[in-house]
Amino acid sequence: MPFSLLKYGLRDDYPFEKDADLPKPTDLKRHYDVVIVGGGGHGVATAYYLAKYHGITNVAILEKGYLGGGNTARNTAVIRSNYLTPEGVKFYTESVKLFKGLSNEFDFNIMYSRRGQLTLAHTDSAIRAFRQRAEINRHFGGDTELIDPQQIRELVPTLNMNPGDLPVLAGLWHKDGATARHDAVAWGYAKGATQRGVELHQLTEVTGFEVENNTVRAVKTNRGTVQCGCVVQAVAGHSSLLAAKAGFRMPILTYPLQAMVTQPVKPFLNPLVSSPALHCYVQQTGRGELVFGGGSDPYPLYNTRSTLDLKESLLAHAVELFPFMANLRLMRQWTGLTDMTSDYSPIMGLSPVDNYYLDAGWGTWGFKATPICGWTMAQLVASGGKVPELIEPFAMERFRSFRQVNEMGATAASH
Ligand code: FAD
């Protein structure tokens with residue numbers, strides 16, 4: 001038996017446990033240079049890059065629940081960059097690059113696993129759209145190609161090639177498709193930020209703002225009011241609600257989005273598989289469970305209950321894709337809140353209130369963007385409001401000037 005195994009097996013003091021702890025809660029200070037609302041992946045990533053790369057550490061992250069307990073904890077962890085628009089592909093490609101180096105950056109294993117993502121085409125028009133996506137992806141440095149049914153059979157031998165009488169005609173094979181542990185991503189960023197002096201305040205709800213001369217001056221919370229130099233809003237499924245407290249409206253509707261997981265089985269599925277026509281995507285986790293999800297619920301709602309309707313329709317489609325799944329037990333079903341924009345792209349950058357910055361509109365697609373959101377939002381804050389080129393196309397203003405970035409086709413049931 002290796003010596004270290006024996007040594008740690010016989011004592012109850014594990015050095016790595018101390019390391020994993022976040023600092024104990026403190027009182028709120030009277031003033032912070034930056035207040036980040038939302039302790040999900042995006043909020044803590046922004047704090048991390050501010051502290052590590054810009055030396056800005058008088059920062060408070062205010063989280064009404066617990067670290068990473070919102071959509072960060074509820075997503076199915078699909079990471080990919082095979083979008084449709086040049087703006088989207090450039091943005092998500094940078095995020096995937098950051099993801100690849102994140103375990104080293106943190107010295108903390110986020111269990112990044114590059115598996116490839118396969119999106120199935122069941123119609124000629126889907127093939128045309130996939131061909132266009134493959135070209136745009138390759139142009140901007142992505143690794144995506146159109147593959148034929150024989151190549152699909154070799155990649156995923158257990159796939160039914162005629163699910164629901166929709167023959168699989170081709171596939172968009174995106175080699176950079178990946179997954180990572182979502183909680184590890186949030187914890188890695190939070191640890192790195194708090195070790196550098198950032199304060200993370202859990203159970204601290206933002207209830208309003210003090211705005212003078214159209215500039216945000218202070219943040220009101222359930223634990224008192226704090227003065228601030230600027231605010232970053234990173235609250236995912238609550239974006240319109242928080243913006244309303246700051247005095248402006250956002251072009252967002254909020255829909256529930258559900259996902260499910262089965263009991264673990266022997267590893268059989270390496271790639272992530274998605275069928276937009278069947279509204280279903282499936283992947284196998286490192287533990288052997290099958291995680292699957294589909295489209296948002298068909299009505300705007302602020303409620304995280306799971307429904308029997310969705311369970312029935314999604315399971316039927318999953319079993320069409322992988323018939324042997326009929327024998328598996330479903331272990332859990334859950335729901336998050338997704339803030340949907342009409343063009344399926346985020347809203348990032350400036351807001352109508354000065355010094356109040358937006359990281360919003362993350363709908364069903366924001367986990368994969370966590371690193372690049374943190375990186376670009378930190379640049380925006382550190383520069384005092386100069387919008388980084390990469391996120392310029394995602395300004396809220398685009399909905400007035402008809403410069404939408406339409407990612408609808410590249411988002412459907414692939415997340
Ligand atoms: P969150 O993690 O939601 O963090 C926001 C935080 O703000 C929350 O913790 C909340 O408690 C807090 N908050 C809200 N209001 C206040 C307030 N007033 N005061 C203080 N705190 C407040 N994306 C992908 O890229 N790939 C996927 O496979 C994928 N699958 C998904 C599956 C499901 C079922 C769901 C629901 C989403 C999925 N997403 C996916 C989307 C992804 O989860 C989100 O876009 C992403 O997690 C957003 O991260 P965030 O840090 O902005 O938000």
# chains A, B, ... in the order shown; residues from 1 in each chain; ligands from 1

$ residues_near_ligand --ligand "ligand 1" --cutoff "6 Å" --atoms "only C-alpha atoms and all ligand atoms" --output "PDB file with N, CA and C atoms, in the first residue's frame"
ATOM      1  N   VAL A  37     -23.805  41.318  -8.145  1.00  0.00           N
ATOM      2  CA  VAL A  37     -25.044  40.704  -7.642  1.00  0.00           C
ATOM      3  C   VAL A  37     -25.200  39.351  -8.336  1.00  0.00           C
ATOM      4  N   GLY A  38     -25.198  38.290  -7.536  1.00  0.00           N
ATOM      5  CA  GLY A  38     -25.321  36.934  -8.065  1.00  0.00           C
ATOM      6  C   GLY A  38     -24.044  36.140  -7.864  1.00  0.00           C
ATOM      7  N   GLY A  39     -24.136  35.122  -7.019  1.00  0.00           N
ATOM      8  CA  GLY A  39     -22.974  34.251  -6.760  1.00  0.00           C
ATOM      9  C   GLY A  39     -23.090  32.951  -7.527  1.00  0.00           C
ATOM     10  N   GLY A  40     -23.466  33.050  -8.807  1.00  0.00           N
ATOM     11  CA  GLY A  40     -23.385  31.901  -9.709  1.00  0.00           C
ATOM     12  C   GLY A  40     -22.012  31.921 -10.377  1.00  0.00           C
ATOM     13  N   GLY A  41     -21.829  31.023 -11.353  1.00  0.00           N
ATOM     14  CA  GLY A  41     -20.541  30.955 -12.039  1.00  0.00           C
ATOM     15  C   GLY A  41     -20.111  32.288 -12.624  1.00  0.00           C
ATOM     16  N   HIS A  42     -21.053  33.004 -13.261  1.00  0.00           N
ATOM     17  CA  HIS A  42     -20.674  34.258 -13.927  1.00  0.00           C
ATOM     18  C   HIS A  42     -20.205  35.313 -12.919  1.00  0.00           C
ATOM     19  N   GLY A  43     -20.915  35.422 -11.794  1.00  0.00           N
ATOM     20  CA  GLY A  43     -20.543  36.419 -10.785  1.00  0.00           C
ATOM     21  C   GLY A  43     -19.166  36.127 -10.194  1.00  0.00           C
ATOM     22  N   LEU A  62     -22.691  39.448  -3.812  1.00  0.00           N
ATOM     23  CA  LEU A  62     -23.874  39.291  -2.959  1.00  0.00           C
ATOM     24  C   LEU A  62     -24.785  38.226  -3.568  1.00  0.00           C
ATOM     25  N   GLU A  63     -25.033  37.190  -2.812  1.00  0.00           N
ATOM     26  CA  GLU A  63     -25.802  36.043  -3.307  1.00  0.00           C
ATOM     27  C   GLU A  63     -26.965  35.774  -2.362  1.00  0.00           C
ATOM     28  N   LYS A  64     -28.176  35.758  -2.906  1.00  0.00           N
ATOM     29  CA  LYS A  64     -29.335  35.612  -2.012  1.00  0.00           C
ATOM     30  C   LYS A  64     -29.462  34.193  -1.454  1.00  0.00           C
ATOM     31  N   GLY A  65     -28.943  33.214  -2.170  1.00  0.00           N
ATOM     32  CA  GLY A  65     -28.968  31.832  -1.679  1.00  0.00           C
ATOM     33  C   GLY A  65     -27.570  31.402  -1.285  1.00  0.00           C
ATOM     34  N   GLY A  68     -23.311  29.217  -6.247  1.00  0.00           N
ATOM     35  CA  GLY A  68     -23.589  28.300  -7.359  1.00  0.00           C
ATOM     36  C   GLY A  68     -24.893  27.530  -7.222  1.00  0.00           C
ATOM     37  N   GLY A  69     -25.827  28.014  -6.419  1.00  0.00           N
ATOM     38  CA  GLY A  69     -27.070  27.269  -6.185  1.00  0.00           C
ATOM     39  C   GLY A  69     -28.184  27.610  -7.169  1.00  0.00           C
ATOM     40  N   GLY A  70     -27.944  28.530  -8.086  1.00  0.00           N
ATOM     41  CA  GLY A  70     -28.970  28.898  -9.075  1.00  0.00           C
ATOM     42  C   GLY A  70     -28.849  28.001 -10.300  1.00  0.00           C
ATOM     43  N   ASN A  71     -28.827  28.601 -11.472  1.00  0.00           N
ATOM     44  CA  ASN A  71     -28.735  27.791 -12.691  1.00  0.00           C
ATOM     45  C   ASN A  71     -27.387  27.094 -12.820  1.00  0.00           C
ATOM     46  N   THR A  72     -26.377  27.637 -12.157  1.00  0.00           N
ATOM     47  CA  THR A  72     -25.067  26.981 -12.222  1.00  0.00           C
ATOM     48  C   THR A  72     -25.184  25.544 -11.711  1.00  0.00           C
ATOM     49  N   ARG A  74     -27.898  23.753 -11.805  1.00  0.00           N
ATOM     50  CA  ARG A  74     -29.006  23.022 -12.436  1.00  0.00           C
ATOM     51  C   ARG A  74     -28.742  22.672 -13.891  1.00  0.00           C
ATOM     52  N   ASN A  75     -27.634  23.157 -14.445  1.00  0.00           N
ATOM     53  CA  ASN A  75     -27.497  22.957 -15.891  1.00  0.00           C
ATOM     54  C   ASN A  75     -26.891  21.595 -16.197  1.00  0.00           C
ATOM     55  N   THR A  76     -26.915  21.243 -17.486  1.00  0.00           N
ATOM     56  CA  THR A  76     -26.458  19.918 -17.901  1.00  0.00           C
ATOM     57  C   THR A  76     -25.020  19.958 -18.429  1.00  0.00           C
ATOM     58  N   ALA A  77     -24.362  21.104 -18.220  1.00  0.00           N
ATOM     59  CA  ALA A  77     -22.911  21.233 -18.421  1.00  0.00           C
ATOM     60  C   ALA A  77     -22.433  20.934 -19.840  1.00  0.00           C
ATOM     61  N   VAL A  78     -23.251  21.260 -20.832  1.00  0.00           N
ATOM     62  CA  VAL A  78     -22.777  21.125 -22.213  1.00  0.00           C
ATOM     63  C   VAL A  78     -21.887  22.326 -22.532  1.00  0.00           C
ATOM     64  N   ILE A  79     -20.670  22.044 -22.990  1.00  0.00           N
ATOM     65  CA  ILE A  79     -19.732  23.101 -23.393  1.00  0.00           C
ATOM     66  C   ILE A  79     -19.476  22.912 -24.887  1.00  0.00           C
ATOM     67  N   THR A 204     -27.496  36.811   1.146  1.00  0.00           N
ATOM     68  CA  THR A 204     -27.556  38.277   1.120  1.00  0.00           C
ATOM     69  C   THR A 204     -28.293  38.706  -0.146  1.00  0.00           C
ATOM     70  N   GLU A 205     -29.524  39.114   0.020  1.00  0.00           N
ATOM     71  CA  GLU A 205     -30.369  39.433  -1.133  1.00  0.00           C
ATOM     72  C   GLU A 205     -30.331  40.924  -1.447  1.00  0.00           C
ATOM     73  N   VAL A 206     -30.158  41.262  -2.702  1.00  0.00           N
ATOM     74  CA  VAL A 206     -30.237  42.668  -3.116  1.00  0.00           C
ATOM     75  C   VAL A 206     -31.706  43.018  -3.303  1.00  0.00           C
ATOM     76  N   THR A 207     -32.135  44.060  -2.583  1.00  0.00           N
ATOM     77  CA  THR A 207     -33.556  44.423  -2.603  1.00  0.00           C
ATOM     78  C   THR A 207     -33.815  45.740  -3.341  1.00  0.00           C
ATOM     79  N   ALA A 234     -25.385  39.855 -12.370  1.00  0.00           N
ATOM     80  CA  ALA A 234     -25.159  38.512 -12.934  1.00  0.00           C
ATOM     81  C   ALA A 234     -26.117  37.536 -12.266  1.00  0.00           C
ATOM     82  N   VAL A 235     -27.416  37.757 -12.480  1.00  0.00           N
ATOM     83  CA  VAL A 235     -28.415  36.979 -11.741  1.00  0.00           C
ATOM     84  C   VAL A 235     -29.219  36.018 -12.631  1.00  0.00           C
ATOM     85  N   ALA A 236     -28.729  35.728 -13.821  1.00  0.00           N
ATOM     86  CA  ALA A 236     -29.353  34.749 -14.732  1.00  0.00           C
ATOM     87  C   ALA A 236     -30.877  34.868 -14.756  1.00  0.00           C
ATOM     88  N   GLY A 237     -31.619  33.898 -14.206  1.00  0.00           N
ATOM     89  CA  GLY A 237     -33.084  33.847 -14.340  1.00  0.00           C
ATOM     90  C   GLY A 237     -33.849  34.938 -13.625  1.00  0.00           C
ATOM     91  N   HIS A 238     -33.146  35.911 -13.043  1.00  0.00           N
ATOM     92  CA  HIS A 238     -33.837  37.000 -12.346  1.00  0.00           C
ATOM     93  C   HIS A 238     -33.473  38.366 -12.924  1.00  0.00           C
ATOM     94  N   LEU A 242     -34.299  42.187 -11.274  1.00  0.00           N
ATOM     95  CA  LEU A 242     -33.267  43.041 -10.672  1.00  0.00           C
ATOM     96  C   LEU A 242     -33.167  44.370 -11.422  1.00  0.00           C
ATOM     97  N   LEU A 257     -36.844  25.662 -17.391  1.00  0.00           N
ATOM     98  CA  LEU A 257     -36.169  24.657 -18.224  1.00  0.00           C
ATOM     99  C   LEU A 257     -35.846  23.462 -17.330  1.00  0.00           C
ATOM    100  N   GLN A 258     -36.226  22.283 -17.794  1.00  0.00           N
ATOM    101  CA  GLN A 258     -36.075  21.089 -16.954  1.00  0.00           C
ATOM    102  C   GLN A 258     -34.996  20.153 -17.504  1.00  0.00           C
ATOM    103  N   ALA A 259     -34.477  19.316 -16.629  1.00  0.00           N
ATOM    104  CA  ALA A 259     -33.535  18.278 -17.041  1.00  0.00           C
ATOM    105  C   ALA A 259     -33.718  17.072 -16.128  1.00  0.00           C
ATOM    106  N   THR A 335     -35.513  21.711 -12.276  1.00  0.00           N
ATOM    107  CA  THR A 335     -35.865  22.858 -13.129  1.00  0.00           C
ATOM    108  C   THR A 335     -35.046  24.087 -12.746  1.00  0.00           C
ATOM    109  N   GLY A 336     -34.704  24.871 -13.736  1.00  0.00           N
ATOM    110  CA  GLY A 336     -34.090  26.181 -13.496  1.00  0.00           C
ATOM    111  C   GLY A 336     -34.893  27.243 -14.236  1.00  0.00           C
ATOM    112  N   LEU A 337     -34.498  28.495 -14.062  1.00  0.00           N
ATOM    113  CA  LEU A 337     -35.192  29.601 -14.725  1.00  0.00           C
ATOM    114  C   LEU A 337     -34.287  30.184 -15.791  1.00  0.00           C
ATOM    115  N   THR A 338     -34.804  30.266 -17.016  1.00  0.00           N
ATOM    116  CA  THR A 338     -33.952  30.735 -18.108  1.00  0.00           C
ATOM    117  C   THR A 338     -34.493  32.049 -18.674  1.00  0.00           C
ATOM    118  N   TRP A 362     -29.024  34.858 -20.306  1.00  0.00           N
ATOM    119  CA  TRP A 362     -28.239  33.635 -20.501  1.00  0.00           C
ATOM    120  C   TRP A 362     -29.046  32.414 -20.806  1.00  0.00           C
ATOM    121  N   GLY A 363     -30.362  32.561 -20.853  1.00  0.00           N
ATOM    122  CA  GLY A 363     -31.247  31.503 -21.330  1.00  0.00           C
ATOM    123  C   GLY A 363     -30.781  30.113 -20.986  1.00  0.00           C
ATOM    124  N   THR A 364     -30.723  29.280 -22.015  1.00  0.00           N
ATOM    125  CA  THR A 364     -30.394  27.859 -21.819  1.00  0.00           C
ATOM    126  C   THR A 364     -28.927  27.575 -22.158  1.00  0.00           C
ATOM    127  N   TRP A 365     -28.120  28.632 -22.333  1.00  0.00           N
ATOM    128  CA  TRP A 365     -26.810  28.424 -22.965  1.00  0.00           C
ATOM    129  C   TRP A 365     -25.623  29.043 -22.198  1.00  0.00           C
ATOM    130  N   GLY A 366     -25.823  29.456 -20.952  1.00  0.00           N
ATOM    131  CA  GLY A 366     -24.795  30.291 -20.315  1.00  0.00           C
ATOM    132  C   GLY A 366     -23.711  29.597 -19.533  1.00  0.00           C
ATOM    133  N   PHE A 367     -23.834  28.283 -19.258  1.00  0.00           N
ATOM    134  CA  PHE A 367     -22.759  27.641 -18.486  1.00  0.00           C
ATOM    135  C   PHE A 367     -21.452  27.671 -19.270  1.00  0.00           C
ATOM    136  N   LYS A 368     -21.560  27.320 -20.555  1.00  0.00           N
ATOM    137  CA  LYS A 368     -20.356  27.254 -21.391  1.00  0.00           C
ATOM    138  C   LYS A 368     -19.661  28.602 -21.517  1.00  0.00           C
ATOM    139  N   HIS A 415     -28.218  23.099 -25.976  1.00  0.00           N
ATOM    140  CA  HIS A 415     -27.751  23.862 -24.827  1.00  0.00           C
ATOM    141  C   HIS A 415     -26.252  24.109 -24.782  1.00  0.00           C
TER     142      HIS A 415
END

$ select_by_dssp --residues "stretch 282-320 of chain A" --states "alpha helix (DSSP H)" --output "PyMOL selection string"
chain A and resi 308-320

$ write_last_selection --atoms "N, CA, C and O atoms" --output "mmCIF file, in the first residue's frame"
data_model
loop_
_atom_site.group_PDB
_atom_site.id
_atom_site.type_symbol
_atom_site.label_atom_id
_atom_site.label_comp_id
_atom_site.auth_asym_id
_atom_site.auth_seq_id
_atom_site.Cartn_x
_atom_site.Cartn_y
_atom_site.Cartn_z
ATOM 1 N N LEU A 308 -44.971 16.519 -15.020
ATOM 2 C CA LEU A 308 -45.173 15.185 -15.597
ATOM 3 C C LEU A 308 -45.214 15.265 -17.128
ATOM 4 O O LEU A 308 -44.687 14.399 -17.817
ATOM 5 N N ASP A 309 -45.806 16.363 -17.642
ATOM 6 C CA ASP A 309 -45.876 16.552 -19.110
ATOM 7 C C ASP A 309 -44.505 16.430 -19.749
ATOM 8 O O ASP A 309 -44.295 15.711 -20.714
ATOM 9 N N LEU A 310 -43.567 17.191 -19.174
ATOM 10 C CA LEU A 310 -42.229 17.205 -19.750
ATOM 11 C C LEU A 310 -41.574 15.834 -19.591
ATOM 12 O O LEU A 310 -40.921 15.325 -20.504
ATOM 13 N N LYS A 311 -41.793 15.228 -18.421
ATOM 14 C CA LYS A 311 -41.186 13.913 -18.181
ATOM 15 C C LYS A 311 -41.638 12.940 -19.266
ATOM 16 O O LYS A 311 -40.833 12.235 -19.876
ATOM 17 N N GLU A 312 -42.956 12.924 -19.540
ATOM 18 C CA GLU A 312 -43.486 11.968 -20.521
ATOM 19 C C GLU A 312 -42.909 12.216 -21.912
ATOM 20 O O GLU A 312 -42.439 11.309 -22.577
ATOM 21 N N SER A 313 -42.937 13.498 -22.350
ATOM 22 C CA SER A 313 -42.515 13.761 -23.736
ATOM 23 C C SER A 313 -41.008 13.580 -23.897
ATOM 24 O O SER A 313 -40.545 12.994 -24.875
ATOM 25 N N LEU A 314 -40.245 14.049 -22.913
ATOM 26 C CA LEU A 314 -38.792 13.950 -23.050
ATOM 27 C C LEU A 314 -38.333 12.492 -22.979
ATOM 28 O O LEU A 314 -37.479 12.049 -23.760
ATOM 29 N N LEU A 315 -38.926 11.721 -22.047
ATOM 30 C CA LEU A 315 -38.530 10.315 -21.934
ATOM 31 C C LEU A 315 -38.869 9.559 -23.216
ATOM 32 O O LEU A 315 -38.089 8.726 -23.681
ATOM 33 N N ALA A 316 -40.033 9.880 -23.809
ATOM 34 C CA ALA A 316 -40.425 9.193 -25.049
ATOM 35 C C ALA A 316 -39.370 9.447 -26.128
ATOM 36 O O ALA A 316 -38.949 8.528 -26.836
ATOM 37 N N HIS A 317 -38.902 10.698 -26.215
ATOM 38 C CA HIS A 317 -37.918 11.010 -27.251
ATOM 39 C C HIS A 317 -36.555 10.409 -26.943
ATOM 40 O O HIS A 317 -35.848 9.935 -27.841
ATOM 41 N N ALA A 318 -36.179 10.412 -25.677
ATOM 42 C CA ALA A 318 -34.890 9.821 -25.298
ATOM 43 C C ALA A 318 -34.874 8.331 -25.623
ATOM 44 O O ALA A 318 -33.882 7.798 -26.140
ATOM 45 N N VAL A 319 -36.006 7.660 -25.373
ATOM 46 C CA VAL A 319 -36.074 6.219 -25.646
ATOM 47 C C VAL A 319 -36.090 5.947 -27.158
ATOM 48 O O VAL A 319 -35.562 4.944 -27.630
ATOM 49 N N GLU A 320 -36.644 6.897 -27.931
ATOM 50 C CA GLU A 320 -36.557 6.754 -29.395
ATOM 51 C C GLU A 320 -35.096 6.762 -29.833
ATOM 52 O O GLU A 320 -34.684 5.991 -30.688
#

$ residues_around --residues "A:Met325" --least-positions-apart "6" --cutoff "12 Å" --atoms "only C-alpha atoms" --output "MDAnalysis selection string"
chainID A and resid 158:160 261:265 268 282 284 289:292 315:319

$ write_last_selection --atoms "all heavy atoms" --output "compact mmCIF listing (two decimals), in the first residue's frame"
# COMPACT_ATOMS: atom_id res chain seq x y z
N THR A 158 -24.90 2.61 -30.39
CA THR A 158 -26.18 2.30 -29.73
C THR A 158 -27.33 3.23 -30.19
O THR A 158 -28.46 3.07 -29.73
CB THR A 158 -26.03 2.46 -28.20
OG1 THR A 158 -25.29 3.65 -27.95
CG2 THR A 158 -25.37 1.26 -27.58
N LEU A 159 -27.03 4.16 -31.07
CA LEU A 159 -28.06 5.13 -31.50
C LEU A 159 -29.04 4.48 -32.48
O LEU A 159 -28.63 3.79 -33.41
CB LEU A 159 -27.38 6.32 -32.17
CG LEU A 159 -28.29 7.43 -32.67
CD1 LEU A 159 -28.85 8.22 -31.48
CD2 LEU A 159 -27.51 8.39 -33.59
N ASN A 160 -30.34 4.72 -32.28
CA ASN A 160 -31.36 4.30 -33.25
C ASN A 160 -31.29 5.28 -34.43
O ASN A 160 -31.50 6.48 -34.26
CB ASN A 160 -32.73 4.34 -32.57
CG ASN A 160 -33.87 4.11 -33.54
OD1 ASN A 160 -33.64 3.68 -34.68
ND2 ASN A 160 -35.08 4.37 -33.09
N VAL A 261 -31.97 12.91 -14.83
CA VAL A 261 -30.81 12.01 -14.81
C VAL A 261 -31.27 10.61 -14.40
O VAL A 261 -32.16 10.46 -13.57
CB VAL A 261 -29.71 12.56 -13.86
CG1 VAL A 261 -30.16 12.61 -12.42
CG2 VAL A 261 -28.43 11.79 -13.99
N THR A 262 -30.65 9.60 -15.04
CA THR A 262 -31.01 8.20 -14.74
C THR A 262 -30.02 7.60 -13.75
O THR A 262 -29.00 8.20 -13.41
CB THR A 262 -30.94 7.32 -15.99
OG1 THR A 262 -29.56 7.22 -16.40
CG2 THR A 262 -31.77 7.88 -17.13
N GLN A 263 -30.30 6.39 -13.35
CA GLN A 263 -29.33 5.60 -12.58
C GLN A 263 -28.05 5.42 -13.41
O GLN A 263 -28.10 5.52 -14.65
CB GLN A 263 -29.95 4.23 -12.27
CG GLN A 263 -30.11 3.41 -13.55
CD GLN A 263 -30.77 2.07 -13.32
OE1 GLN A 263 -31.87 1.85 -13.76
NE2 GLN A 263 -30.11 1.19 -12.61
N PRO A 264 -26.92 5.15 -12.76
CA PRO A 264 -25.68 4.92 -13.54
C PRO A 264 -25.68 3.57 -14.24
O PRO A 264 -26.22 2.60 -13.71
CB PRO A 264 -24.58 4.98 -12.47
CG PRO A 264 -25.25 4.87 -11.16
CD PRO A 264 -26.72 5.13 -11.32
N VAL A 265 -25.10 3.55 -15.44
CA VAL A 265 -24.89 2.28 -16.16
C VAL A 265 -23.46 2.26 -16.69
O VAL A 265 -22.77 3.28 -16.66
CB VAL A 265 -25.88 2.09 -17.33
CG1 VAL A 265 -27.27 1.79 -16.82
CG2 VAL A 265 -25.90 3.31 -18.25
N PHE A 268 -21.05 3.73 -22.11
CA PHE A 268 -21.29 3.30 -23.50
C PHE A 268 -21.36 4.49 -24.45
O PHE A 268 -21.31 4.33 -25.66
CB PHE A 268 -22.62 2.52 -23.59
CG PHE A 268 -23.83 3.39 -23.51
CD1 PHE A 268 -24.48 3.84 -24.66
CD2 PHE A 268 -24.29 3.81 -22.28
CE1 PHE A 268 -25.58 4.68 -24.57
CE2 PHE A 268 -25.41 4.65 -22.19
CZ PHE A 268 -26.05 5.08 -23.34
N VAL A 282 -28.73 14.04 -24.97
CA VAL A 282 -28.36 13.02 -23.99
C VAL A 282 -26.84 13.00 -23.86
O VAL A 282 -26.13 13.13 -24.84
CB VAL A 282 -28.81 11.60 -24.44
CG1 VAL A 282 -28.50 10.57 -23.38
CG2 VAL A 282 -30.29 11.58 -24.78
N GLN A 284 -23.62 10.97 -21.20
CA GLN A 284 -23.34 10.10 -20.06
C GLN A 284 -22.27 10.76 -19.21
O GLN A 284 -21.23 11.19 -19.71
CB GLN A 284 -22.87 8.73 -20.54
CG GLN A 284 -22.77 7.74 -19.38
CD GLN A 284 -22.60 6.30 -19.83
OE1 GLN A 284 -22.06 6.05 -20.91
NE2 GLN A 284 -23.03 5.36 -19.00
N GLU A 289 -24.19 7.99 -15.16
CA GLU A 289 -25.60 8.38 -15.28
C GLU A 289 -25.84 8.99 -16.66
O GLU A 289 -24.93 9.56 -17.26
CB GLU A 289 -25.94 9.45 -14.24
CG GLU A 289 -25.72 8.99 -12.81
CD GLU A 289 -25.32 10.14 -11.90
OE1 GLU A 289 -24.81 11.16 -12.42
OE2 GLU A 289 -25.51 10.00 -10.69
N LEU A 290 -27.10 8.88 -17.13
CA LEU A 290 -27.45 9.57 -18.37
C LEU A 290 -28.19 10.84 -18.01
O LEU A 290 -29.23 10.80 -17.34
CB LEU A 290 -28.33 8.68 -19.24
CG LEU A 290 -27.60 7.45 -19.78
CD1 LEU A 290 -28.56 6.53 -20.49
CD2 LEU A 290 -26.48 7.86 -20.72
N VAL A 291 -27.64 11.96 -18.46
CA VAL A 291 -28.29 13.25 -18.21
C VAL A 291 -28.97 13.65 -19.50
O VAL A 291 -28.37 13.56 -20.56
CB VAL A 291 -27.23 14.31 -17.85
CG1 VAL A 291 -27.86 15.70 -17.80
CG2 VAL A 291 -26.58 13.99 -16.53
N PHE A 292 -30.22 14.04 -19.40
CA PHE A 292 -30.84 14.50 -20.64
C PHE A 292 -31.81 15.65 -20.40
O PHE A 292 -32.30 15.87 -19.29
CB PHE A 292 -31.48 13.37 -21.45
CG PHE A 292 -32.41 12.49 -20.68
CD1 PHE A 292 -33.76 12.62 -20.82
CD2 PHE A 292 -31.90 11.52 -19.83
CE1 PHE A 292 -34.61 11.81 -20.13
CE2 PHE A 292 -32.75 10.70 -19.12
CZ PHE A 292 -34.11 10.85 -19.27
N LEU A 315 -38.93 11.72 -22.05
CA LEU A 315 -38.53 10.32 -21.93
C LEU A 315 -38.87 9.56 -23.22
O LEU A 315 -38.09 8.73 -23.68
CB LEU A 315 -39.24 9.65 -20.75
CG LEU A 315 -38.71 10.05 -19.38
CD1 LEU A 315 -39.50 9.37 -18.28
CD2 LEU A 315 -37.24 9.69 -19.24
N ALA A 316 -40.03 9.88 -23.81
CA ALA A 316 -40.43 9.19 -25.05
C ALA A 316 -39.37 9.45 -26.13
O ALA A 316 -38.95 8.53 -26.84
CB ALA A 316 -41.79 9.69 -25.51
N HIS A 317 -38.90 10.70 -26.22
CA HIS A 317 -37.92 11.01 -27.25
C HIS A 317 -36.55 10.41 -26.94
O HIS A 317 -35.85 9.94 -27.84
CB HIS A 317 -37.82 12.53 -27.42
CG HIS A 317 -39.04 13.10 -28.07
ND1 HIS A 317 -39.41 14.42 -27.95
CD2 HIS A 317 -39.98 12.53 -28.86
CE1 HIS A 317 -40.52 14.63 -28.63
NE2 HIS A 317 -40.89 13.49 -29.17
N ALA A 318 -36.18 10.41 -25.68
CA ALA A 318 -34.89 9.82 -25.30
C ALA A 318 -34.87 8.33 -25.62
O ALA A 318 -33.88 7.80 -26.14
CB ALA A 318 -34.63 10.05 -23.81
N VAL A 319 -36.01 7.66 -25.37
CA VAL A 319 -36.07 6.22 -25.65
C VAL A 319 -36.09 5.95 -27.16
O VAL A 319 -35.56 4.94 -27.63
CB VAL A 319 -37.30 5.61 -24.92
CG1 VAL A 319 -37.55 4.18 -25.39
CG2 VAL A 319 -37.09 5.64 -23.41

$ closest_residue --among "A:Thr221, A:Asn406, A:Ser103, A:Thr123" --to "A:Pro346" --atoms "only C-alpha atoms"
A:Asn406

$ closest_residue --among "A:Glu105, A:Asp143, A:Glu154, A:Glu210" --to "A:Cys228" --atoms "only C-alpha atoms"
A:Glu210

$ residues_around --residues "A:Arg249" --least-positions-apart "3" --cutoff "12 Å" --atoms "only C-alpha atoms" --output "PyMOL selection string"
chain A and resi 239-246+252-253+351-353+396-397

$ atom_distance --atom1 "atom CA of A:Leu200" --atom2 "atom CA of A:Gly224"
15.5 Å

$ select_by_dssp --residues "stretch 153-346 of chain A" --states "strand (DSSP E)" --output "PyMOL selection string"
chain A and resi 170-174+178-179+199-201+206-212+215-221+224-233+253-262+272-275+280-284+290-293+330-340

$ atom_distance --atom1 "atom CA of A:Thr194" --atom2 "atom CA of A:His54"
14.6 Å
